[in-house]
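Colleague: Structure incoming, see below.
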Amino acid sequence: MRKYLKYFLISLFLLVLVFLALPFLAAPWACHIGGDVVCFGGAAEVTGSVWGPCNYTGAVEIIGGPPIDWRYSGNFKCITAGHAGGKTYAVFIRVVETDSIGDPFKSEAERDLCFCAKKRIVPCIFAKPAVSLARSVILVVDVEEGVSYLFIGYWVTPYHLNHSRFIFGSDGVYLVDSLVAKIGAKREIMGPLLKGCAYRVKIRLEPEKLIISQPLYNATTRAVRVG
């Protein structure tokens with residue numbers, strides 16, 4: 001009887017140990033975001049055209065992108081589209097809601113495990129404030145090639161994202177410098193924001209359902225080329 005009790009206590013101890021260590025054991029995969037992160041060069045003075053708002057009634061499918069939690073989000077909205085460097089580009093935005101951890105990646109359970117590991121909370125039981133944070137997903141799409149650069153906006157709202165923030169130059173699309181400082185990509189949850197970087201993803205659109213506007217005016221400003 002004592003022999004079985006000893007085995008039971010040892011097994012119970014090991015289970016408790018695993019439970020306490022779970023956040024640290026799970027941290028590498030719970031925190032890791034993945035995705036093809038691409039960082040662009042510095043800002044330079046460029047001259048190009050600002051195109052007007054666009055209209056798109058089709059579907060937007062992201063292929064092989066970062067694991068964004070889309071559960072509490074709206075739909076993609078086309079905010080500008082036009083021609084640059086002999087190609088057609090379109091810019092879409094979509095708002096996603098996330099919890100107080102602040103990163104819209106993976107599931108809530110995985111974000112909690114990552115939070116516990118980084119904050120060294122053992123056991124992984126904590127009370128999160130009932131806060132809902134909005135993040136902006138920005139897609140700059142090469143319509144013909146089906147390639148897009150996906151940014152996460154942490155300090156911008158859809159109100160601040162409009163056609164005037166994008167310059168269509170002779171060799172591609174540019175983001176104005178003031179916007180670049182507020183968007184980017186991350187390699188892990190709760191990790192540093194890589195400003196001016198994006199996830200390179202494949203995109204599937206329905207080009208026949210995209211209606212572009214026309215150039216509204218020319219502009220010269222400091223901006224960063226996407227791609």
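Chain labels A, B, ... are given in the sequence in which chains occur in the structure tokens; within each chain residues are numbered consecutively from 1, and ligands are likewise numbered from 1 in the order shown.
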Name the residues in contact with region 53-69 of chain A at a cut-off of 10 Å, using only C-alpha atoms, excluding same-chain residues fewer than 6 positions from it; report them as a ChimeraX atom specification.
Modeller: /A:32-37,75-82,90-92,96-98,103-108,137,139,146-150,162-164,185-187,199-216
Colleague: Using only C-alpha atoms, please write the residues we just selected to a file, as a compact mmCIF listing (two decimals), in the first residue's frame.
Modeller:
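Output file result-v7.txt follows:
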```txt
# COMPACT_ATOMS: atom_id res chain seq x y z
CA HIS A 32 6.30 32.90 -31.90
CA ILE A 33 4.29 34.54 -34.69
CA GLY A 34 6.15 33.48 -37.82
CA GLY A 35 5.48 34.80 -41.30
CA ASP A 36 7.78 36.25 -43.95
CA VAL A 37 8.84 39.58 -42.40
CA ASN A 75 -14.38 43.36 -43.36
CA PHE A 76 -11.60 44.67 -45.54
CA LYS A 77 -12.25 48.11 -46.98
CA CYS A 78 -10.49 49.51 -50.04
CA ILE A 79 -9.27 53.04 -49.26
CA THR A 80 -7.24 53.84 -52.38
CA ALA A 81 -6.13 52.22 -55.62
CA GLY A 82 -4.27 53.40 -58.68
CA ALA A 90 -4.80 48.72 -54.05
CA VAL A 91 -4.71 49.48 -50.33
CA PHE A 92 -7.12 47.76 -47.93
CA VAL A 96 -9.34 43.75 -35.51
CA GLU A 97 -10.19 43.73 -31.81
CA THR A 98 -7.81 42.21 -29.28
CA ASP A 103 -1.34 41.86 -30.03
CA PRO A 104 -3.99 40.48 -32.44
CA PHE A 105 -2.18 37.19 -33.04
CA LYS A 106 -3.09 33.56 -32.31
CA SER A 107 -5.76 32.46 -29.83
CA GLU A 108 -6.52 34.05 -26.48
CA VAL A 137 -4.50 45.66 -40.54
CA LEU A 139 -2.70 45.56 -47.00
CA GLY A 146 -1.23 38.75 -56.21
CA VAL A 147 1.44 39.81 -53.70
CA SER A 148 0.74 41.98 -50.69
CA TYR A 149 2.54 43.56 -47.76
CA LEU A 150 0.59 43.33 -44.51
CA ASN A 162 -7.07 57.45 -45.84
CA HIS A 163 -5.89 57.86 -49.42
CA SER A 164 -3.70 60.88 -48.57
CA ALA A 185 5.33 43.76 -37.91
CA LYS A 186 6.33 41.57 -34.96
CA ARG A 187 8.18 38.28 -34.71
CA TYR A 199 4.58 40.47 -43.62
CA ARG A 200 4.92 39.49 -47.26
CA VAL A 201 1.86 37.39 -48.15
CA LYS A 202 0.07 36.02 -51.17
CA ILE A 203 -3.34 37.49 -51.78
CA ARG A 204 -6.35 36.39 -53.79
CA LEU A 205 -8.64 39.14 -55.10
CA GLU A 206 -11.34 39.46 -57.73
CA PRO A 207 -9.82 42.23 -59.91
CA GLU A 208 -12.98 42.66 -61.98
CA LYS A 209 -14.76 43.86 -58.81
CA LEU A 210 -12.20 46.58 -58.09
CA ILE A 211 -13.13 50.11 -59.17
CA ILE A 212 -10.28 52.58 -58.94
CA SER A 213 -10.62 56.34 -58.85
CA GLN A 214 -8.24 58.81 -60.48
CA PRO A 215 -5.26 60.94 -59.44
CA LEU A 216 -6.44 63.81 -57.25
```
Colleague: May I have all residues of region 20-198 of chain A that DSSP, computed from the backbone, assigns to strand (DSSP E), given as a PyMOL selection string?
Modeller: chain A and resi 37-39+44-51+55-56+61-63+77-84+87-98+133-142+147-153+166-168+173-176+183-185+194-195+197-198
Colleague: Could you tell me how far CA of Ser49 (chain A) lies from CA of Val226 (chain A), in Å and to one decimal?
Modeller: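 Separation of CA of Ser49 (chain A) and CA of Val226 (chain A): 15.2 Å.
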Colleague: Select, from A:His83, A:Ala219, A:Gly227, A:Val38, the residue with the minimum atom-to-atom distance to Val143 (chain A), counting only C-alpha atoms.
Modeller: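 Of the candidates, the smallest distance to Val143 (chain A) is held by A:His83.
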Colleague: So, with only C-alpha atoms as the atoms that count, which of A:Arg165, A:Lys182, A:Gly74, A:Glu45 lies closest to Leu194 (chain A)?
Modeller: A:Lys182
Colleague: Which of these, A:Asn218, A:Pro192, A:Ala30, A:Gly169, has the shortest distance to Val46 (chain A) once you count only C-alpha atoms?
Modeller: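 Among the listed residues, the smallest separation from Val46 (chain A) belongs to A:Gly169.
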Colleague: With only C-alpha atoms as the basis for distance, which of A:Ser136, A:Glu145, A:Gly85, A:Ala44 is at the shortest distance from Trp70 (chain A)?
Modeller: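 The shortest atom-to-atom distance to Trp70 (chain A) comes from A:Ser136.
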Colleague: Closest to Ile183 (chain A) among A:Cys116, A:Phe166, A:Leu161, A:Gly153, using only C-alpha atoms?
Modeller: A:Gly153
Colleague: What does the distance from CA of Gly184 (chain A) to CA of Cys39 (chain A) come to in Å, to one decimal?
Modeller: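 Answer for the CA of Gly184 (chain A) to CA of Cys39 (chain A) separation: 8.7 Å.
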Colleague: Which value, in Å to one decimal, gives the distance between CA of Ser73 (chain A) and CA of Phe168 (chain A)?
Modeller: 28.3 Å
Colleague: Which is closer to Gly86 (chain A) than all the others in A:Ile152, A:Met190, A:Val173, A:Cys197, using only C-alpha atoms?
Modeller: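 Closest residue, counting only C-alpha atoms: A:Val173.
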Colleague: Mind listing the alpha helix (DSSP H) residues of region 31-147 of chain A, per DSSP on the backbone, as a ChimeraX atom specification?
Modeller: /A:31,108-119
